[in-house]
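This is entry_10.cif (mmCIF, C-alpha atoms).
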```
data_model
#
loop_
_atom_site.label_atom_id
_atom_site.label_comp_id
_atom_site.auth_asym_id
_atom_site.auth_seq_id
_atom_site.Cartn_x
_atom_site.Cartn_y
_atom_site.Cartn_z
CA MET M 1 39.26 -15.31 55.31
CA LEU M 2 36.86 -17.59 57.16
CA LEU M 3 35.38 -16.76 60.59
CA THR M 4 34.57 -19.91 62.54
CA SER M 5 32.74 -20.63 65.79
CA HIS M 6 34.25 -22.81 68.50
CA GLN M 7 32.26 -25.85 67.36
CA CYS M 8 33.48 -25.46 63.77
CA SER M 9 37.13 -24.54 64.45
CA LYS M 10 38.44 -27.96 63.43
CA LEU M 11 36.46 -27.90 60.20
CA GLY M 12 37.64 -24.34 59.54
CA ASN M 13 41.29 -25.30 59.99
CA GLU M 14 40.95 -28.27 57.63
CA LEU M 15 39.24 -26.09 55.05
CA SER M 16 41.96 -23.45 55.42
CA LYS M 17 44.69 -26.02 54.80
CA ALA M 18 42.91 -27.41 51.76
CA ILE M 19 42.33 -24.01 50.15
CA SER M 20 45.68 -22.41 51.03
CA GLY M 21 47.47 -25.43 49.63
CA THR M 22 45.71 -25.30 46.28
CA SER M 23 44.18 -22.06 45.04
CA ASN M 24 44.75 -19.32 47.63
CA PRO M 25 47.91 -19.37 49.80
CA HIS M 26 46.65 -16.37 51.81
CA PHE M 27 43.37 -18.00 52.87
CA LYS M 28 43.05 -18.26 56.67
CA SER M 29 40.54 -19.57 59.19
CA ILE M 30 40.12 -17.31 62.23
CA ALA M 31 38.46 -18.73 65.35
CA LEU M 32 36.09 -16.27 67.00
CA LYS M 33 36.17 -17.59 70.58
CA PRO M 34 39.72 -16.44 71.48
CA LEU M 35 38.85 -12.94 70.29
CA ILE M 36 35.67 -12.49 72.35
CA TRP M 37 35.90 -9.95 75.20
CA LYS M 38 39.37 -8.88 74.13
CA THR M 39 40.33 -5.23 74.45
CA PRO M 40 39.38 -3.55 71.17
CA LEU M 41 42.01 -1.89 69.03
CA SER M 42 42.48 1.84 69.36
CA PRO M 43 41.59 3.91 66.27
CA GLY M 44 45.27 4.57 65.65
CA GLU M 45 45.97 0.84 65.30
CA ILE M 46 43.32 0.27 62.67
CA ILE M 47 44.47 0.35 59.07
CA LEU M 48 41.87 0.81 56.35
CA SER M 49 42.61 -0.29 52.81
CA GLN M 50 40.64 0.44 49.67
CA ASP M 51 40.58 -1.64 46.53
CA HIS M 52 38.82 -1.26 43.22
CA LEU M 53 35.09 -1.83 43.35
CA ILE M 54 33.99 -5.24 42.13
CA ASP M 55 32.02 -5.47 38.92
CA TYR M 56 28.41 -5.14 40.07
CA HIS M 57 27.20 -6.91 36.92
CA GLY M 58 29.85 -9.61 37.07
CA SER M 59 29.36 -13.22 38.08
CA GLY M 60 28.15 -13.53 41.65
CA LEU M 61 26.40 -16.88 41.98
CA VAL M 62 25.95 -20.16 40.12
CA ILE M 63 22.64 -22.01 40.49
CA PHE M 64 22.15 -25.40 38.90
CA THR M 65 18.84 -25.76 37.06
CA SER M 66 16.38 -28.56 37.72
CA GLY M 67 16.21 -29.66 34.09
CA THR M 68 12.90 -28.07 33.09
CA THR M 69 14.48 -26.30 30.10
CA GLY M 70 16.76 -29.19 29.15
CA PRO M 71 19.65 -31.05 30.79
CA PRO M 72 20.59 -29.51 34.19
CA LYS M 73 23.21 -26.80 33.82
CA GLY M 74 24.86 -24.11 35.86
CA ALA M 75 23.16 -20.72 35.45
CA VAL M 76 25.52 -17.84 36.26
CA LYS M 77 23.76 -15.00 38.10
CA PRO M 78 25.19 -11.48 38.36
CA ARG M 79 25.86 -9.82 41.70
CA THR M 80 22.79 -7.66 41.11
CA TYR M 81 20.70 -10.81 41.55
CA LEU M 82 21.67 -10.89 45.22
CA ASP M 83 21.07 -7.20 45.73
CA ALA M 84 19.09 -5.14 43.22
CA SER M 85 16.77 -7.98 42.12
CA ALA M 86 16.15 -8.99 45.73
CA GLN M 87 15.43 -5.37 46.67
CA ARG M 88 12.94 -5.12 43.81
CA THR M 89 11.13 -8.22 45.08
CA ALA M 90 11.06 -6.80 48.60
CA ASP M 91 9.66 -3.48 47.38
CA LEU M 92 7.08 -5.13 45.13
CA ASN M 93 5.70 -7.29 47.92
CA GLY M 94 5.97 -4.67 50.65
CA ILE M 95 8.32 -6.74 52.81
CA GLY M 96 9.35 -4.97 56.01
CA ARG M 97 11.03 -5.46 59.37
CA ASP M 98 7.87 -6.81 61.00
CA ASP M 99 7.45 -9.64 58.50
CA VAL M 100 8.24 -13.30 59.07
CA VAL M 101 8.62 -15.69 56.15
CA MET M 102 8.32 -19.44 56.63
CA HIS M 103 11.16 -20.79 54.49
CA GLY M 104 10.87 -24.41 53.45
CA LEU M 105 12.36 -24.29 49.94
CA PRO M 106 15.90 -25.31 48.92
CA VAL M 107 18.23 -22.33 49.36
CA HIS M 108 20.38 -23.55 46.46
CA HIS M 109 17.49 -23.02 44.01
CA ALA M 110 16.49 -19.72 42.41
CA THR M 111 13.22 -19.35 44.33
CA GLY M 112 14.73 -20.36 47.65
CA ILE M 113 17.46 -17.73 47.52
CA GLY M 114 16.11 -15.06 45.15
CA THR M 115 12.52 -14.87 46.43
CA THR M 116 12.36 -16.35 49.92
CA LEU M 117 15.77 -15.46 51.37
CA MET M 118 17.60 -12.40 50.04
CA PRO M 119 14.58 -10.03 49.76
CA PHE M 120 13.71 -10.70 53.41
CA LEU M 121 17.31 -10.31 54.58
CA LEU M 122 17.66 -6.98 52.79
CA ALA M 123 14.36 -5.78 54.23
CA GLY M 124 15.40 -6.71 57.77
CA ALA M 125 12.61 -9.27 58.09
CA CYS M 126 12.77 -12.60 59.92
CA VAL M 127 13.48 -15.79 57.97
CA GLU M 128 12.19 -18.88 59.76
CA PHE M 129 13.77 -21.98 58.27
CA HIS M 130 11.99 -25.33 58.30
CA SER M 131 14.10 -28.33 57.35
CA GLY M 132 13.60 -32.06 57.35
CA GLY M 133 11.44 -32.27 54.25
CA PHE M 134 8.01 -30.93 53.46
CA ASP M 135 5.22 -32.08 55.79
CA PRO M 136 1.76 -30.53 55.24
CA ALA M 137 0.73 -31.30 58.82
CA LYS M 138 3.71 -29.38 60.23
CA VAL M 139 3.11 -26.43 57.90
CA TRP M 140 -0.55 -26.15 58.88
CA GLU M 141 0.35 -26.47 62.55
CA ARG M 142 2.86 -23.64 62.26
CA TRP M 143 0.27 -21.51 60.50
CA ARG M 144 -2.17 -22.21 63.32
CA MET M 145 0.37 -20.88 65.85
CA GLY M 146 0.35 -17.52 64.02
CA GLY M 147 3.09 -15.00 63.38
CA ILE M 148 3.82 -15.98 59.78
CA THR M 149 3.22 -13.17 57.27
CA PHE M 150 4.74 -14.68 54.08
CA TYR M 151 4.86 -18.19 52.69
CA SER M 152 6.30 -19.35 49.37
CA GLY M 153 5.83 -22.69 47.65
CA VAL M 154 5.35 -24.47 44.36
CA PRO M 155 2.05 -25.82 42.94
CA THR M 156 2.72 -29.32 44.30
CA ILE M 157 3.19 -27.94 47.81
CA TYR M 158 -0.09 -26.00 47.69
CA MET M 159 -1.82 -29.07 46.27
CA ARG M 160 -0.66 -31.23 49.17
CA LEU M 161 -1.52 -28.55 51.71
CA MET M 162 -5.05 -28.31 50.31
CA ARG M 163 -5.41 -32.09 50.25
CA TYR M 164 -4.43 -32.22 53.94
CA TYR M 165 -6.98 -29.53 54.71
CA GLU M 166 -9.75 -31.41 52.91
CA THR M 167 -8.92 -34.86 54.32
CA ASP M 168 -7.89 -33.96 57.89
CA ILE M 169 -8.51 -30.40 59.02
CA SER M 170 -12.00 -30.13 57.55
CA LYS M 171 -13.06 -33.12 59.71
CA LEU M 172 -11.93 -31.53 62.98
CA PRO M 173 -14.37 -29.89 65.42
CA ALA M 174 -15.50 -26.49 64.15
CA ASP M 175 -13.65 -24.49 66.80
CA LEU M 176 -10.33 -26.26 66.14
CA GLN M 177 -10.81 -26.13 62.37
CA SER M 178 -11.35 -22.37 62.57
CA GLU M 179 -7.95 -21.96 64.27
CA TYR M 180 -6.19 -23.43 61.23
CA VAL M 181 -8.25 -21.35 58.81
CA GLU M 182 -7.61 -18.19 60.81
CA GLY M 183 -3.87 -18.93 60.80
CA ALA M 184 -3.87 -19.20 57.00
CA ARG M 185 -5.90 -16.00 56.66
CA LYS M 186 -3.47 -14.02 58.80
CA ILE M 187 -0.68 -14.68 56.30
CA LYS M 188 -0.42 -11.49 54.23
CA VAL M 189 0.99 -13.05 51.07
CA LEU M 190 1.03 -16.61 49.76
CA MET M 191 3.51 -16.85 46.89
CA CYS M 192 3.89 -19.53 44.23
CA GLY M 193 6.35 -20.06 41.40
CA THR M 194 8.09 -22.69 39.23
CA SER M 195 4.99 -23.53 37.15
CA ALA M 196 1.40 -22.39 36.64
CA LEU M 197 -0.98 -22.98 39.53
CA PRO M 198 -4.16 -24.86 38.43
CA GLY M 199 -7.16 -22.56 38.41
CA SER M 200 -9.31 -24.96 40.41
CA LEU M 201 -6.67 -25.09 43.16
CA GLN M 202 -6.37 -21.32 43.15
CA GLN M 203 -10.13 -21.04 43.70
CA LYS M 204 -10.01 -23.40 46.67
CA TRP M 205 -7.29 -21.34 48.33
CA ALA M 206 -9.24 -18.15 47.73
CA VAL M 207 -12.06 -19.67 49.81
CA VAL M 208 -9.97 -21.20 52.59
CA ALA M 209 -7.30 -18.50 53.01
CA GLY M 210 -9.50 -15.59 51.97
CA LYS M 211 -6.96 -14.59 49.33
CA ARG M 212 -5.56 -15.80 46.03
CA ILE M 213 -2.03 -17.12 45.82
CA LEU M 214 0.43 -14.66 44.29
CA GLU M 215 1.94 -16.12 41.12
CA ARG M 216 4.95 -15.15 39.05
CA TYR M 217 6.79 -16.40 35.98
CA GLY M 218 10.49 -16.85 35.49
CA ALA M 219 13.33 -19.34 35.22
CA THR M 220 16.68 -19.95 36.85
CA GLU M 221 18.47 -18.49 33.84
CA PHE M 222 16.69 -15.12 33.86
CA SER M 223 14.89 -14.95 37.24
CA SER M 224 11.35 -13.70 37.67
CA CYS M 225 10.25 -11.59 34.70
CA PHE M 226 6.48 -11.33 35.33
CA SER M 227 5.23 -10.63 38.83
CA ILE M 228 1.88 -9.61 40.27
CA HIS M 229 1.52 -6.93 42.91
CA PRO M 230 -0.24 -8.20 46.06
CA ARG M 231 -2.96 -5.58 45.71
CA ASP M 232 -3.81 -6.86 42.22
CA VAL M 233 -3.85 -10.57 43.02
CA MET M 234 -7.66 -10.84 43.22
CA ASN M 235 -7.98 -9.41 39.69
CA CYS M 236 -5.29 -11.58 38.12
CA PRO M 237 -6.56 -13.81 35.28
CA ASP M 238 -6.24 -17.58 35.41
CA VAL M 239 -3.16 -18.36 33.31
CA SER M 240 -3.39 -22.13 33.81
CA THR M 241 -5.97 -22.29 30.99
CA SER M 242 -5.82 -21.26 27.35
CA THR M 243 -7.22 -17.81 28.16
CA ARG M 244 -5.44 -15.13 26.16
CA VAL M 245 -4.03 -12.37 28.33
CA ARG M 246 -2.93 -8.98 27.08
CA LEU M 247 0.24 -7.78 28.77
CA THR M 248 1.51 -4.25 28.96
CA VAL M 249 5.26 -4.15 29.46
CA LEU M 250 6.85 -0.97 30.75
CA MET M 251 10.55 -0.62 30.05
CA ALA M 252 12.77 1.98 31.68
CA THR M 253 14.84 4.08 29.29
#
```

I need this file expressed as structure tokens, please.
Amino acid sequence: MLLTSHQCSKLGNELSKAISGTSNPHFKSIALKPLIWKTPLSPGEIILSQDHLIDYHGSGLVIFTSGTTGPPKGAVKPRTYLDASAQRTADLNGIGRDDVVMHGLPVHHATGIGTTLMPFLLAGACVEFHSGGFDPAKVWERWRMGGITFYSGVPTIYMRLMRYYETDISKLPADLQSEYVEGARKIKVLMCGTSALPGSLQQKWAVVAGKRILERYGATEFSSCFSIHPRDVMNCPDVSTSTRVRLTVLMAT
């Protein structure tokens, strides 16, 4: 069943015909507009049906990899990835209803959906999407406006944001420059994934934003497996060098 708005009713009908004629003869597109303000059904007219519960650990999502670990391939994620794993990320980072995440990553990638979308939806937070391609000037301007509490990116994004700060913002009048810096410092958590963040870049952000960027390690195939708690970010070692780090792994039994 597909619920469609008035603007998408034509598209919904075409999709319904295509699907019902191939794989699912019972698939229907239901337009919402004709049903608005209609008299609701009485409790006696409502029929509830119950089916077997779906396999919680079964296939729930396919994400195509970027090719870092070899030729691009479809990584099958279980349904727990959209629920339990997202809830764990929300709990780890203390995401709540008052938070606002600036979402500028592809939603069809692991970070875009597993870190920057689902955890915030489950926590009841606000997801503010920014499309049209990455623009460091627009990101900094949005930060300056305030209200953003979480931001997630990759090392290249933080590199370009820092370059824009050094080449443009740092040359502005002191009072205007301080507005941008204050906007960055009001963000509770800056998150970074995909690859290791260079230590020198991390140090620059610690000075400008007043906090280190929160890093994690994972892959599309197995999600994030090493994460840092926001309260421990200032004590996290620099993993972009050859420094040996001793890890203590706690496994639930």

When you draw a straight line from CA of Arg163 in chain M to CA of Ala196 in chain M, how long is it in Å?
18.0 Å

Pick the closest to Cys192 in chain M from M:Ala206, M:Leu2, M:Ile54, M:Ile157: which is it, counting all atoms listed in the file?
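Once distances to Cys192 in chain M are computed over all atoms listed in the file, the minimum belongs to M:Ile157.
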
What are the nearest atom pairs, with distances in Å to one decimal, for all residues of range 116-225 of chain M that come at most 8 Å from range 88-98 of chain M, using only C-alpha atoms, set out by chain and rising residue number as CSV?
```
residue,atom,partner,partner_atom,distance
M:Pro119,CA,M:Ala90,CA,4.9
M:Phe120,CA,M:Ile95,CA,6.7
M:Leu122,CA,M:Ala90,CA,7.8
M:Ala123,CA,M:Gly96,CA,5.4
M:Gly124,CA,M:Arg97,CA,4.8
M:Ala125,CA,M:Arg97,CA,4.3
M:Cys126,CA,M:Arg97,CA,7.4
```

What is the CA of Gly193 in chain M to CA of Thr115 in chain M distance in Å?
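It comes out at 9.5 Å.
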
Counting all atoms listed in the file, which of M:Ser131, M:Ser178, M:Thr80, M:Thr167 gets nearest to Gly114 in chain M?
M:Thr80

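Across the structure, CA of Met102 in chain M and CA of Phe129 in chain M are spaced 6.2 Å apart.
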
8 Å contact set for Arg79 in chain M, all atoms listed in the file, chain neighbours under 4 positions out, as a list in words
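What passes the distance filter is Tyr56, His57, Gly58, Ser59, Gly60, Leu61 and Asp83 of chain M.
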
Can you list what the PyMOL selection byres ((chain M and resi 182) around 10) grabs from this structure, as a PyMOL selection string?
chain M and resi 143-146+177-181+183-187+208-210

For Asp99 in chain M, the nearest of the candidates M:Leu53, M:Leu161, M:Val127, M:Leu172, counting all atoms listed in the file
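Smallest distance to Asp99 in chain M is found for M:Val127.
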
Apply the PyMOL selection byres ((chain M and resi 33-41) around 12) to the structure shown and report the selected residues as a tab-separated table (two decimals) with C-alpha atoms, in the coordinates of the input.
```
chain	number	residue	atom	x	y	z
M	3	LEU	CA	35.38	-16.76	60.59
M	4	THR	CA	34.57	-19.91	62.54
M	5	SER	CA	32.74	-20.63	65.79
M	6	HIS	CA	34.25	-22.81	68.50
M	7	GLN	CA	32.26	-25.85	67.36
M	8	CYS	CA	33.48	-25.46	63.77
M	9	SER	CA	37.13	-24.54	64.45
M	30	ILE	CA	40.12	-17.31	62.23
M	31	ALA	CA	38.46	-18.73	65.35
M	32	LEU	CA	36.09	-16.27	67.00
M	42	SER	CA	42.48	1.84	69.36
M	43	PRO	CA	41.59	3.91	66.27
M	44	GLY	CA	45.27	4.57	65.65
M	45	GLU	CA	45.97	0.84	65.30
M	46	ILE	CA	43.32	0.27	62.67
M	47	ILE	CA	44.47	0.35	59.07
```

Which residue gives the smallest distance to Met162 in chain M among M:Asn13, M:Gln203, M:Ser20, M:Ser195, with all atoms listed in the file counted?
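Nearest to Met162 in chain M: M:Gln203.
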
Could you pull the residues within 12 Å of Ser66 in chain M, counting only C-alpha atoms, minus those fewer than 4 positions along the same chain, as an MDAnalysis selection string?
chainID M and resid 70:75 106 108:111 194 219:221

Find the residues near Tyr165 in chain M: any atom within 9 Å, counting only C-alpha atoms, skip ones fewer than 4 places away on the same chain, and give them as number ranges by chain.
M: 136-137, 140, 160-161, 169-171, 180

Considering all atoms listed in the file, return as an mmCIF file with C-alpha atoms, keeping the file's coordinate frame whatever protein or nucleic-acid residues lie within 8 Å of Tyr151 in chain M, sequence-local ones (same chain, fewer than 6 positions apart) excluded.
```
data_model
loop_
_atom_site.group_PDB
_atom_site.id
_atom_site.type_symbol
_atom_site.label_atom_id
_atom_site.label_comp_id
_atom_site.auth_asym_id
_atom_site.auth_seq_id
_atom_site.Cartn_x
_atom_site.Cartn_y
_atom_site.Cartn_z
ATOM 1 C CA VAL M 101 8.620 -15.690 56.150
ATOM 2 C CA MET M 102 8.320 -19.440 56.630
ATOM 3 C CA HIS M 103 11.160 -20.790 54.490
ATOM 4 C CA ILE M 187 -0.680 -14.680 56.300
ATOM 5 C CA VAL M 189 0.990 -13.050 51.070
ATOM 6 C CA LEU M 190 1.030 -16.610 49.760
ATOM 7 C CA MET M 191 3.510 -16.850 46.890
#
```

For the file shown, report as a list in words the outcome of the PyMOL selection byres ((chain M and resi 28) around 6) at residue level.
Met1, Ser16, Phe27 and Ser29 of chain M

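Comparing M:Ile228, M:Gly104, M:Phe64, M:Ala18 by their smallest distance to Arg142 in chain M, the closest is M:Gly104 (using only C-alpha atoms).
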
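Closest to Lys188 in chain M among M:Phe150, M:Phe222, M:Trp205, M:Tyr164 is M:Phe150, based on only C-alpha atoms.
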